Each structure stands twice: as structure tokens, then as C-alpha cells.
>>> print(open('protein-v4.txt').read())   # compact mmCIF, C-alpha atoms and all ligand atoms
# COMPACT_ATOMS: atom_id res chain seq x y z
CA MET A 1 8.98 8.21 17.20
CA GLU A 2 11.18 8.25 14.17
CA LYS A 3 11.70 11.30 12.06
CA TYR A 4 10.74 10.93 8.43
CA CYS A 5 12.33 13.99 6.89
CA GLU A 6 15.60 15.84 6.96
CA MET A 7 17.00 18.81 5.05
CA GLN A 8 20.45 17.95 3.68
CA ALA A 9 22.32 20.59 1.68
CA GLY A 10 19.14 22.10 0.32
CA ARG A 11 17.61 18.73 -0.53
CA LEU A 12 14.74 17.22 1.38
CA VAL A 13 15.47 13.58 2.18
CA ILE A 14 12.39 11.55 3.04
CA TYR A 15 13.22 8.36 4.90
CA VAL A 16 10.33 6.19 3.86
CA PRO A 17 9.16 4.15 6.88
CA ARG A 18 9.43 0.37 7.16
CA GLU A 19 5.83 -0.02 6.02
CA LEU A 20 4.24 2.69 3.90
CA ASP A 21 0.49 2.16 3.81
CA HIS A 22 -2.52 4.44 4.20
CA HIS A 23 -2.06 4.43 7.98
CA GLU A 24 1.53 5.71 7.81
CA ALA A 25 0.84 8.04 4.90
CA GLY A 26 -0.77 10.86 6.89
CA ARG A 27 2.19 11.69 9.11
CA LEU A 28 4.69 11.44 6.26
CA LYS A 29 2.63 13.80 4.10
CA MET A 30 2.32 16.35 6.89
CA GLU A 31 6.02 16.36 7.80
CA ALA A 32 7.19 16.51 4.20
CA ASP A 33 4.79 19.24 3.11
CA LEU A 34 5.72 21.41 6.07
CA LEU A 35 9.37 21.38 5.00
CA ILE A 36 8.58 21.64 1.28
CA ASP A 37 6.67 24.85 1.94
CA ALA A 38 9.08 26.27 4.51
CA TYR A 39 12.21 25.73 2.39
CA HIS A 40 10.65 25.92 -1.09
CA VAL A 41 12.19 22.53 -1.69
CA LYS A 42 13.28 21.84 -5.25
CA ASN A 43 15.11 18.56 -4.75
CA LEU A 44 13.48 15.59 -3.15
CA VAL A 45 15.09 12.27 -2.27
CA PHE A 46 12.98 9.29 -1.26
CA ASP A 47 15.22 6.90 0.68
CA PHE A 48 13.83 3.36 0.83
CA SER A 49 16.74 1.74 2.77
CA ASN A 50 14.38 0.88 5.57
CA THR A 51 11.27 0.01 3.57
CA GLU A 52 9.92 -3.52 3.45
CA PHE A 53 6.31 -2.90 2.53
CA MET A 54 4.51 -0.41 0.34
CA ASP A 55 1.08 -0.51 -1.26
CA SER A 56 -0.83 1.81 -3.59
CA SER A 57 -1.41 4.32 -0.78
CA GLY A 58 2.37 4.82 -0.82
CA ILE A 59 2.26 5.50 -4.56
CA GLY A 60 -0.26 8.26 -3.89
CA VAL A 61 1.97 9.83 -1.24
CA ILE A 62 5.02 9.84 -3.48
CA ILE A 63 3.21 11.28 -6.49
CA GLY A 64 1.61 13.90 -4.23
CA ARG A 65 4.98 15.10 -2.87
CA CYS A 66 6.44 15.25 -6.39
CA ARG A 67 3.49 17.39 -7.42
CA ASN A 68 4.07 19.69 -4.46
CA ILE A 69 7.73 20.34 -5.27
CA GLY A 70 6.64 20.81 -8.88
CA TYR A 71 5.31 24.21 -7.84
CA TYR A 72 8.92 25.20 -7.18
CA GLY A 73 10.23 23.59 -10.38
CA GLY A 74 11.68 20.64 -8.52
CA GLU A 75 13.10 17.19 -9.19
CA ALA A 76 12.80 13.91 -7.30
CA VAL A 77 14.79 10.69 -7.09
CA ALA A 78 14.25 7.41 -5.25
CA GLN A 79 17.19 5.57 -3.72
CA ASN A 80 18.06 2.23 -2.12
CA LEU A 81 15.00 0.25 -3.18
CA ASN A 82 14.90 -3.41 -2.21
CA ASP A 83 13.45 -5.96 -4.64
CA ARG A 84 9.95 -5.65 -3.25
CA VAL A 85 9.82 -1.87 -3.57
CA LYS A 86 11.31 -2.19 -7.07
CA LYS A 87 8.45 -4.52 -7.98
CA ILE A 88 5.90 -2.02 -6.63
CA PHE A 89 7.55 0.75 -8.68
CA ARG A 90 7.47 -1.45 -11.79
CA VAL A 91 3.86 -2.62 -11.43
CA SER A 92 2.60 0.92 -10.77
CA GLY A 93 4.73 2.52 -13.48
CA LEU A 94 6.29 4.82 -10.89
CA HIS A 95 9.77 3.98 -12.25
CA THR A 96 8.93 5.93 -15.40
CA LEU A 97 8.14 9.01 -13.30
CA ILE A 98 10.99 8.99 -10.79
CA PRO A 99 14.56 7.89 -11.52
CA THR A 100 15.88 5.31 -9.07
CA VAL A 101 19.46 5.16 -7.85
CA GLU A 102 21.62 2.95 -5.62
CA THR A 103 23.88 4.72 -3.17
CA GLY A 104 25.20 1.53 -1.61
CA LYS A 105 24.79 3.23 1.74
CA ASN A 106 22.43 1.98 4.35
CA ARG A 107 20.39 4.29 6.42
CA GLN A 108 22.45 5.73 9.23
CA LYS A 109 21.54 4.87 12.75
CA GLY A 110 20.35 7.34 15.33
CA ASN A 111 18.26 9.35 12.96
CA GLY A 112 16.16 11.09 15.55
CA SER A 113 14.67 7.96 17.05
CA ILE A 114 13.64 8.41 20.63
CA MET B 1 0.11 -32.67 1.66
CA GLN B 2 -1.80 -29.82 3.22
CA GLY B 3 -5.44 -30.11 4.17
CA ASN B 4 -7.99 -27.38 4.36
CA ASN B 5 -7.97 -24.60 6.87
CA ASN B 6 -10.18 -21.56 7.45
CA MET B 7 -10.08 -18.40 9.48
CA LYS B 8 -12.31 -15.38 9.88
CA VAL B 9 -11.74 -12.14 11.77
CA SER B 10 -13.79 -9.00 12.13
CA PHE B 11 -12.26 -5.66 13.08
CA ASP B 12 -13.08 -1.97 13.18
CA ALA B 13 -12.61 0.07 10.02
CA ARG B 14 -9.60 1.97 11.38
CA SER B 15 -6.38 2.55 9.50
CA VAL B 16 -4.31 0.98 12.29
CA ASN B 17 -5.92 -2.35 11.35
CA GLU B 18 -4.47 -2.36 7.83
CA ALA B 19 -1.18 -3.78 9.11
CA PHE B 20 -3.03 -6.15 11.46
CA ALA B 21 -5.01 -7.60 8.53
CA ARG B 22 -2.06 -8.28 6.24
CA VAL B 23 0.13 -9.69 9.02
CA THR B 24 -2.71 -11.98 10.14
CA VAL B 25 -3.10 -13.42 6.64
CA ALA B 26 0.67 -13.80 6.24
CA ALA B 27 0.81 -15.82 9.47
CA PHE B 28 -2.19 -17.93 8.48
CA ILE B 29 -0.82 -18.96 5.07
CA ALA B 30 2.62 -19.88 6.46
CA GLU B 31 1.74 -23.59 6.58
CA LEU B 32 1.77 -23.64 2.75
CA ASN B 33 5.46 -22.64 2.79
CA PRO B 34 5.01 -19.75 0.38
CA THR B 35 8.03 -17.87 -0.98
CA ILE B 36 8.75 -14.42 0.40
CA ASP B 37 7.54 -12.99 -2.88
CA GLU B 38 4.23 -14.88 -2.66
CA VAL B 39 3.70 -13.70 0.92
CA GLU B 40 4.43 -10.10 -0.05
CA ASP B 41 2.07 -10.29 -3.05
CA ILE B 42 -0.74 -11.54 -0.82
CA LYS B 43 0.01 -8.99 1.91
CA THR B 44 -0.18 -6.20 -0.65
CA ALA B 45 -3.50 -7.43 -2.05
CA VAL B 46 -5.01 -7.78 1.44
CA SER B 47 -3.78 -4.31 2.35
CA GLU B 48 -5.48 -2.88 -0.75
CA ALA B 49 -8.83 -4.55 -0.15
CA VAL B 50 -8.89 -3.74 3.57
CA THR B 51 -7.74 -0.15 3.03
CA ASN B 52 -10.56 0.31 0.52
CA ALA B 53 -13.12 -0.92 3.04
CA ILE B 54 -11.70 1.47 5.64
CA ILE B 55 -11.47 4.55 3.38
CA HIS B 56 -14.24 4.18 0.86
CA ALA B 57 -16.98 2.07 2.44
CA TYR B 58 -17.69 4.14 5.52
CA ASP B 59 -17.82 7.84 6.34
CA SER B 60 -16.75 7.35 9.95
CA PRO B 61 -14.27 4.91 11.47
CA GLY B 62 -15.21 1.95 13.64
CA GLU B 63 -17.69 0.17 11.39
CA PRO B 64 -17.01 -3.53 10.83
CA VAL B 65 -14.71 -5.09 8.24
CA GLN B 66 -14.65 -8.86 7.92
CA LEU B 67 -11.63 -10.70 6.60
CA SER B 68 -11.58 -14.40 5.93
CA CYS B 69 -9.02 -16.71 4.46
CA ALA B 70 -9.35 -20.29 3.27
CA LEU B 71 -6.55 -22.68 2.38
CA LYS B 72 -7.64 -25.34 -0.10
CA GLY B 73 -4.69 -27.54 -0.95
CA ASN B 74 -2.14 -25.03 -2.23
CA VAL B 75 -4.72 -22.37 -3.07
CA VAL B 76 -5.23 -19.32 -0.86
CA GLU B 77 -8.66 -17.71 -1.00
CA ILE B 78 -9.28 -14.36 0.65
CA GLU B 79 -12.52 -12.50 1.20
CA VAL B 80 -12.92 -8.94 2.46
CA LEU B 81 -16.44 -7.80 3.33
CA ASP B 82 -17.87 -4.48 4.36
CA THR B 83 -21.43 -3.31 4.89
CA GLY B 84 -20.77 0.22 3.68
CA LYS B 85 -21.93 2.37 0.82
CA GLY B 86 -21.09 -0.03 -1.99
CA ILE B 87 -19.84 0.63 -5.53
CA GLY B 88 -22.23 1.75 -8.25
CA ASP B 89 -20.10 0.80 -11.24
CA VAL B 90 -17.65 -1.96 -10.32
CA LYS B 91 -16.12 -2.16 -13.80
CA LYS B 92 -15.27 1.53 -13.75
CA ALA B 93 -13.99 1.36 -10.16
CA MET B 94 -11.55 -1.37 -11.19
CA GLU B 95 -9.99 0.68 -13.99
CA PRO B 96 -6.41 1.73 -13.19
CA PHE B 97 -6.11 5.33 -11.89
CA TYR B 98 -9.84 5.61 -11.24
CA THR B 99 -10.47 7.06 -7.79
CA THR B 100 -13.38 8.89 -6.19
CA LYS B 101 -11.06 10.38 -3.54
CA PRO B 102 -8.34 12.29 -5.41
CA GLU B 103 -8.36 14.85 -2.58
CA LEU B 104 -6.91 12.15 -0.31
CA GLU B 105 -4.15 11.54 -2.89
CA ARG B 106 -5.46 8.10 -3.70
CA SER B 107 -3.61 6.70 -6.69
CA GLY B 108 -6.51 4.66 -8.05
CA MET B 109 -4.16 1.68 -8.27
CA GLY B 110 -5.72 -0.50 -5.56
CA PHE B 111 -7.69 -2.89 -7.73
CA ALA B 112 -4.86 -2.91 -10.30
CA PHE B 113 -2.49 -4.09 -7.54
CA MET B 114 -4.93 -6.80 -6.40
CA GLU B 115 -5.16 -8.03 -9.99
CA ALA B 116 -1.41 -7.86 -10.52
CA PHE B 117 -0.54 -9.80 -7.37
CA MET B 118 -3.35 -12.38 -7.21
CA ASP B 119 -4.46 -14.99 -9.77
CA ASP B 120 -8.10 -13.89 -9.73
CA VAL B 121 -10.08 -11.02 -8.20
CA ARG B 122 -13.88 -10.82 -8.09
CA VAL B 123 -15.84 -7.90 -6.77
CA THR B 124 -19.53 -7.84 -6.01
CA SER B 125 -21.18 -4.78 -4.58
CA ALA B 126 -24.56 -3.18 -4.07
CA GLU B 127 -25.05 0.49 -3.35
CA GLY B 128 -26.08 1.07 0.24
CA GLU B 129 -25.39 -2.55 1.16
CA GLY B 130 -21.70 -3.16 0.93
CA THR B 131 -18.87 -4.72 -1.02
CA ARG B 132 -17.33 -8.15 -1.22
CA VAL B 133 -13.85 -8.64 -2.64
CA TRP B 134 -12.83 -12.24 -3.26
CA MET B 135 -9.39 -13.18 -4.51
CA CYS B 136 -7.25 -16.28 -4.83
CA LYS B 137 -3.69 -17.30 -5.48
CA THR B 138 -2.08 -20.67 -5.99
CA ILE B 139 1.11 -21.13 -3.98
CA GLY B 140 4.16 -22.87 -5.37
CA VAL B 141 3.66 -22.27 -9.09
CA GLN B 142 5.55 -19.02 -9.44
CA GLU B 143 7.22 -18.54 -12.77
CA GLY B 144 10.70 -17.01 -12.93
N1 LIG C 1 -15.04 -1.25 -0.28
C1 LIG C 1 -15.39 -0.21 -1.07
N2 LIG C 1 -16.53 0.49 -0.81
C2 LIG C 1 -16.90 1.54 -1.59
N3 LIG C 1 -16.19 1.97 -2.66
C3 LIG C 1 -15.05 1.31 -2.98
C4 LIG C 1 -14.58 0.20 -2.20
N4 LIG C 1 -13.45 -0.25 -2.76
C5 LIG C 1 -13.19 0.54 -3.82
N5 LIG C 1 -14.15 1.47 -3.97
C6 LIG C 1 -14.24 2.49 -5.06
O1 LIG C 1 -13.37 2.09 -6.12
C7 LIG C 1 -12.42 3.13 -6.39
C8 LIG C 1 -11.12 2.56 -6.87
O2 LIG C 1 -10.48 1.81 -5.84
P1 LIG C 1 -8.89 1.63 -5.89
O3 LIG C 1 -8.52 1.06 -7.21
O4 LIG C 1 -8.47 0.88 -4.68
O5 LIG C 1 -8.34 3.12 -5.85
P2 LIG C 1 -8.22 4.17 -4.62
O6 LIG C 1 -8.38 3.44 -3.33
O7 LIG C 1 -6.84 4.73 -4.78
O8 LIG C 1 -9.29 5.19 -4.84
C9 LIG C 1 -12.36 3.95 -5.13
O9 LIG C 1 -11.93 5.27 -5.35
C10 LIG C 1 -13.81 3.87 -4.62
O10 LIG C 1 -14.62 4.80 -5.29
MG MG C 2 -7.63 1.59 -2.88
>>> encode(input="protein-v4.txt", output="C-alpha cells")
Amino acid sequence: MEKYCEMQAGRLVIYVPRELDHHEAGRLKMEADLLIDAYHVKNLVFDFSNTEFMDSSGIGVIIGRCRNIGYYGGEAVAQNLNDRVKKIFRVSGLHTLIPTVETGKNRQKGNGSI
Amino acid sequence: MQGNNNMKVSFDARSVNEAFARVTVAAFIAELNPTIDEVEDIKTAVSEAVTNAIIHAYDSPGEPVQLSCALKGNVVEIEVLDTGKGIGDVKKAMEPFYTTKPELERSGMGFAFMEAFMDDVRVTSAEGEGTRVWMCKTIGVQEG
């Protein structure tokens, strides 16, 4: 199973899975919230390099995690969105809530996959 | 010229079937040669309707959800049926951000997504009887 989350220099990077729907949402929420609480995470990065599909359940997950780091006065960004995910951000208005950035980097291989 | 074609599947209301449903429809509509964007729009709308049946219609998993798809020329029609608790006020349910399950971090954007990605969405529902979501999209007329 692939790991969703990783602490990197005090930031929590969430590698959004290939398809983020209601079915995938549960595990992502659990993993992220565990780390958010343990490390009092203030900076959250959603990395979409791998993501091909997301529906409104994904929107709920993202907003929920932003709310959770809000308790610690945190900030979130979204990076490496493909055109489809950009469209989902636009249609839902999520782009007005979370700044999006391009890093030009693709997700590194060997990220905890077994 | 394409003819008509129909399919119907029934599956358990379990979250693992959300991906099954949208992939099934994507495969079925392939004969219309839709663009990637059209396929993704339809997959998203199917995912929304099926997820709603799985989360909202039933209190326990495993009840039936029926998905059907009809190709009529270059028009795709999709129907998602459940026999669950139904929706009291459909108009209100379809308002953006309206959700009865905020504790599950629902965004209330499901119907808004169906309307954004399909040409037409019609919902009929009766409390205690179930919900029918019907939607359609014409393939090959995308602007931009
Ligand atoms: N199949 C269904 N059966 C019962 N209620 C439903 C169904 N579909 C939608 N609803 C109701 O409509 C509301 C809005 O749906 P939607 O826009 O998809 O938002 P969300 O799923 O995020 O709550 C739901 O919260 C629920 O109350
Ligand atoms: Mg929904």
C-alpha cells in the first residue's frame, strides 16, 4: 500500500492518490489527521502529481484538512495539478481558498510503496 | 453513424463500487469517441450520483444501486436508482453547499458537479421509497 503523507522540514506533504473519491477519502483523512495532531502541523502541501480523478468527496477532504491545521494557525498550498484537477478546483471554487503552484517536479518514485 | 445501445448493472451500495461504476460507464460510452474531457466529465457525474446513493440513501452498506446508461445517437443518458430513504426537498438538496452529512465532511457540491459536467440533470425522489437521478450529455459538441 502506498503512503499518503510525509513530514518534510516541518511541512506535511499529502500525496493525493491517483483517484480521490469517497472510497479513498477515509484512509487519507485518518493518516493526515494523525500527523497534523502529532506534529501540530502548520504548513500543508497537497501534491497532485499522481492524481487523475477527483470528485466532490475530494473537495470535502481537502477543506477538512485545511480546517484542521487552522487550529494551529496554518497555511495550505496545492501543487502539480493536471488540467482535470485544475478544472475541479475551478468549478468548486477551491482555487480561491488554496493557492496552487507548479514545482515542475514529478512525484519521486519509491515513496513507501510495498 | 452510431446506433443505440443500452446497459444496466446493479451493485451493492459499497464505496468500493464507486470506481467500478464510473469506469463501467467510461468503457460503455467509448464507441462514441468522446474526448478525454467528456469522459472525465461523465465519470465525475456518475461518481457523484453513485456516491450519493451509497452514502445518503441507505444506513447500512450492501443495499442495491442500479446504474443504467443509454446511447442515443451522440447523446449519453445515465440513470442512477436507489430504493433508500429518498429526499424530502429535492430543490434544497440540489443547492450548492447543502449537505445533511457535514460530520462526514461532505462538501455539498455533488449535485452542483453533476449540473456543471452534464447538459441536464433531473432528480425525482420520494421519502421512504428512493431516488432517481437522470442525466444526459451530448458528445462531440464541446465548446472551446
Ligand atoms: N440518493 C440519495 N438519497 C438520499 N438523499 C440524497 C441522495 N442524494 C443526495 N441526497 C441528499 O442531498 C444532499 C446534497 O447532495 P450533494 O450535493 O451530493 O452533497 P453531499 O453528498 O456532499 O452531501 C445530501 O446531503 C443528501 O441529504
Ligand atoms: Mg454527494
>>> interface_residues(input="protein-v4.txt", of="chain B", to="chain A", cutoff="8 Å", atoms="all atoms listed in the file", output="list in words")
Ser15, Val16, Glu18, Asp37, Glu40, Thr44, Ser47, Glu48, Thr51, Glu105, Arg106, Ser107, Gly108, Met109, Gly110, Phe113 and Ala116 of chain B
>>> residues_near_ligand(input="protein-v4.txt", ligand="ligand LIG 1 (chain C)", cutoff="7 Å", atoms="only C-alpha atoms and all ligand atoms", output="MDAnalysis selection string")
(chainID A and resid 56:57) or (chainID B and resid 48:49 52:53 56:57 82 84:87 93:101 106:112 130:131)
>>> closest_residue(input="protein-v4.txt", among="A:Val16, A:Leu97, A:Ala76, A:Ala9", to="Lys42 in chain A", atoms="all atoms listed in the file")
A:Ala76
>>> atom_distance(input="protein-v4.txt", atom1="CA of Arg132 in chain B", atom2="CA of Val80 in chain B")
5.8 Å
>>> axis_aligned_box(input="protein-v4.txt", around="range 21-27 of chain B", padding_each_side="8 Å", output="AutoDock Vina command-line options")
--center_x -2.1 --center_y -11.7 --center_z 8.2 --size_x 21.8 --size_y 24.2 --size_z 19.9
>>> closest_residue(input="protein-v4.txt", among="B:Leu71, B:Val90, B:Met114, B:Val65", to="Ala30 in chain B", atoms="all atoms listed in the file")
B:Leu71
>>> closest_residue(input="protein-v4.txt", among="A:Asn50, A:Asn82, A:Asn43, A:Thr100", to="Arg18 in chain A", atoms="all atoms listed in the file")
A:Asn50
>>> closest_residue(input="protein-v4.txt", among="B:Leu81, B:Asp59, B:Lys43, B:Lys72", to="Ala19 in chain B", atoms="all atoms listed in the file")
B:Lys43
>>> atom_distance(input="protein-v4.txt", atom1="CA of Pro99 in chain A", atom2="CA of Ile42 in chain B")
26.9 Å
>>> closest_residue(input="protein-v4.txt", among="B:Val9, B:Ala27, B:Leu32, B:Val46", to="ligand MG 2 (chain C)", atoms="all atoms listed in the file")
B:Val46
>>> atom_distance(input="protein-v4.txt", atom1="CA of Val45 in chain A", atom2="CA of Val13 in chain A")
4.7 Å
>>> build_atoms(input="protein-v4.txt", residues="range 42-78 of chain B", atoms="N, CA and C atoms", output="JSON list (two decimals), in the coordinates of the input")
[["chain", "number", "residue", "atom", "x", "y", "z"],
["B", 42, "ILE", "N", 0.54, -11.37, -1.51],
["B", 42, "ILE", "CA", -0.74, -11.54, -0.82],
["B", 42, "ILE", "C", -0.95, -10.44, 0.22],
["B", 43, "LYS", "N", 0.13, -10.08, 0.94],
["B", 43, "LYS", "CA", 0.01, -8.99, 1.91],
["B", 43, "LYS", "C", -0.41, -7.69, 1.22],
["B", 44, "THR", "N", 0.16, -7.44, 0.06],
["B", 44, "THR", "CA", -0.18, -6.20, -0.65],
["B", 44, "THR", "C", -1.65, -6.21, -1.07],
["B", 45, "ALA", "N", -2.10, -7.34, -1.61],
["B", 45, "ALA", "CA", -3.50, -7.43, -2.05],
["B", 45, "ALA", "C", -4.47, -7.28, -0.88],
["B", 46, "VAL", "N", -4.15, -7.91, 0.25],
["B", 46, "VAL", "CA", -5.01, -7.78, 1.44],
["B", 46, "VAL", "C", -5.03, -6.33, 1.92],
["B", 47, "SER", "N", -3.88, -5.70, 1.93],
["B", 47, "SER", "CA", -3.78, -4.31, 2.35],
["B", 47, "SER", "C", -4.67, -3.42, 1.47],
["B", 48, "GLU", "N", -4.66, -3.68, 0.18],
["B", 48, "GLU", "CA", -5.48, -2.88, -0.75],
["B", 48, "GLU", "C", -6.97, -3.05, -0.47],
["B", 49, "ALA", "N", -7.40, -4.30, -0.34],
["B", 49, "ALA", "CA", -8.83, -4.55, -0.15],
["B", 49, "ALA", "C", -9.31, -4.00, 1.19],
["B", 50, "VAL", "N", -8.51, -4.20, 2.23],
["B", 50, "VAL", "CA", -8.89, -3.74, 3.57],
["B", 50, "VAL", "C", -8.85, -2.21, 3.64],
["B", 51, "THR", "N", -7.84, -1.61, 3.06],
["B", 51, "THR", "CA", -7.74, -0.15, 3.03],
["B", 51, "THR", "C", -8.96, 0.45, 2.33],
["B", 52, "ASN", "N", -9.37, -0.18, 1.23],
["B", 52, "ASN", "CA", -10.56, 0.31, 0.52],
["B", 52, "ASN", "C", -11.80, 0.28, 1.41],
["B", 53, "ALA", "N", -11.96, -0.83, 2.15],
["B", 53, "ALA", "CA", -13.12, -0.92, 3.04],
["B", 53, "ALA", "C", -13.06, 0.18, 4.10],
["B", 54, "ILE", "N", -11.87, 0.47, 4.58],
["B", 54, "ILE", "CA", -11.70, 1.47, 5.64],
["B", 54, "ILE", "C", -11.92, 2.89, 5.10],
["B", 55, "ILE", "N", -11.40, 3.17, 3.91],
["B", 55, "ILE", "CA", -11.47, 4.55, 3.38],
["B", 55, "ILE", "C", -12.78, 4.83, 2.66],
["B", 56, "HIS", "N", -13.16, 3.88, 1.81],
["B", 56, "HIS", "CA", -14.24, 4.18, 0.86],
["B", 56, "HIS", "C", -15.63, 3.72, 1.33],
["B", 57, "ALA", "N", -15.67, 2.64, 2.13],
["B", 57, "ALA", "CA", -16.98, 2.07, 2.44],
["B", 57, "ALA", "C", -17.75, 2.90, 3.45],
["B", 58, "TYR", "N", -17.02, 3.47, 4.40],
["B", 58, "TYR", "CA", -17.69, 4.14, 5.52],
["B", 58, "TYR", "C", -17.25, 5.61, 5.63],
["B", 59, "ASP", "N", -18.16, 6.43, 6.13],
["B", 59, "ASP", "CA", -17.82, 7.84, 6.34],
["B", 59, "ASP", "C", -17.16, 8.09, 7.69],
["B", 60, "SER", "N", -17.39, 7.18, 8.64],
["B", 60, "SER", "CA", -16.75, 7.35, 9.95],
["B", 60, "SER", "C", -16.09, 6.04, 10.34],
["B", 61, "PRO", "N", -15.00, 6.12, 11.11],
["B", 61, "PRO", "CA", -14.27, 4.91, 11.47],
["B", 61, "PRO", "C", -15.02, 4.08, 12.50],
["B", 62, "GLY", "N", -14.67, 2.80, 12.59],
["B", 62, "GLY", "CA", -15.21, 1.95, 13.64],
["B", 62, "GLY", "C", -16.29, 1.00, 13.17],
["B", 63, "GLU", "N", -16.72, 1.13, 11.93],
["B", 63, "GLU", "CA", -17.69, 0.17, 11.39],
["B", 63, "GLU", "C", -16.95, -1.14, 11.10],
["B", 64, "PRO", "N", -17.70, -2.24, 10.93],
["B", 64, "PRO", "CA", -17.01, -3.53, 10.83],
["B", 64, "PRO", "C", -16.47, -3.89, 9.43],
["B", 65, "VAL", "N", -15.29, -4.49, 9.45],
["B", 65, "VAL", "CA", -14.71, -5.09, 8.24],
["B", 65, "VAL", "C", -14.46, -6.55, 8.58],
["B", 66, "GLN", "N", -14.88, -7.44, 7.68],
["B", 66, "GLN", "CA", -14.65, -8.86, 7.92],
["B", 66, "GLN", "C", -13.65, -9.41, 6.91],
["B", 67, "LEU", "N", -12.68, -10.12, 7.44],
["B", 67, "LEU", "CA", -11.63, -10.70, 6.60],
["B", 67, "LEU", "C", -11.64, -12.20, 6.82],
["B", 68, "SER", "N", -11.73, -12.96, 5.74],
["B", 68, "SER", "CA", -11.58, -14.40, 5.93],
["B", 68, "SER", "C", -10.60, -14.96, 4.92],
["B", 69, "CYS", "N", -10.03, -16.09, 5.29],
["B", 69, "CYS", "CA", -9.02, -16.71, 4.46],
["B", 69, "CYS", "C", -9.24, -18.21, 4.52],
["B", 70, "ALA", "N", -9.19, -18.85, 3.35],
["B", 70, "ALA", "CA", -9.35, -20.29, 3.27],
["B", 70, "ALA", "C", -8.15, -20.87, 2.53],
["B", 71, "LEU", "N", -7.59, -21.94, 3.08],
["B", 71, "LEU", "CA", -6.55, -22.68, 2.38],
["B", 71, "LEU", "C", -7.18, -23.96, 1.84],
["B", 72, "LYS", "N", -7.09, -24.13, 0.53],
["B", 72, "LYS", "CA", -7.64, -25.34, -0.10],
["B", 72, "LYS", "C", -6.52, -25.98, -0.90],
["B", 73, "GLY", "N", -5.90, -27.01, -0.32],
["B", 73, "GLY", "CA", -4.69, -27.54, -0.95],
["B", 73, "GLY", "C", -3.64, -26.44, -0.97],
["B", 74, "ASN", "N", -3.13, -26.10, -2.16],
["B", 74, "ASN", "CA", -2.14, -25.03, -2.23],
["B", 74, "ASN", "C", -2.74, -23.72, -2.75],
["B", 75, "VAL", "N", -4.06, -23.61, -2.64],
["B", 75, "VAL", "CA", -4.72, -22.37, -3.07],
["B", 75, "VAL", "C", -5.13, -21.54, -1.85],
["B", 76, "VAL", "N", -4.80, -20.26, -1.90],
["B", 76, "VAL", "CA", -5.23, -19.32, -0.86],
["B", 76, "VAL", "C", -6.40, -18.51, -1.38],
["B", 77, "GLU", "N", -7.50, -18.54, -0.65],
["B", 77, "GLU", "CA", -8.66, -17.71, -1.00],
["B", 77, "GLU", "C", -8.87, -16.67, 0.09],
["B", 78, "ILE", "N", -9.10, -15.44, -0.32],
["B", 78, "ILE", "CA", -9.28, -14.36, 0.65],
["B", 78, "ILE", "C", -10.56, -13.61, 0.33]]
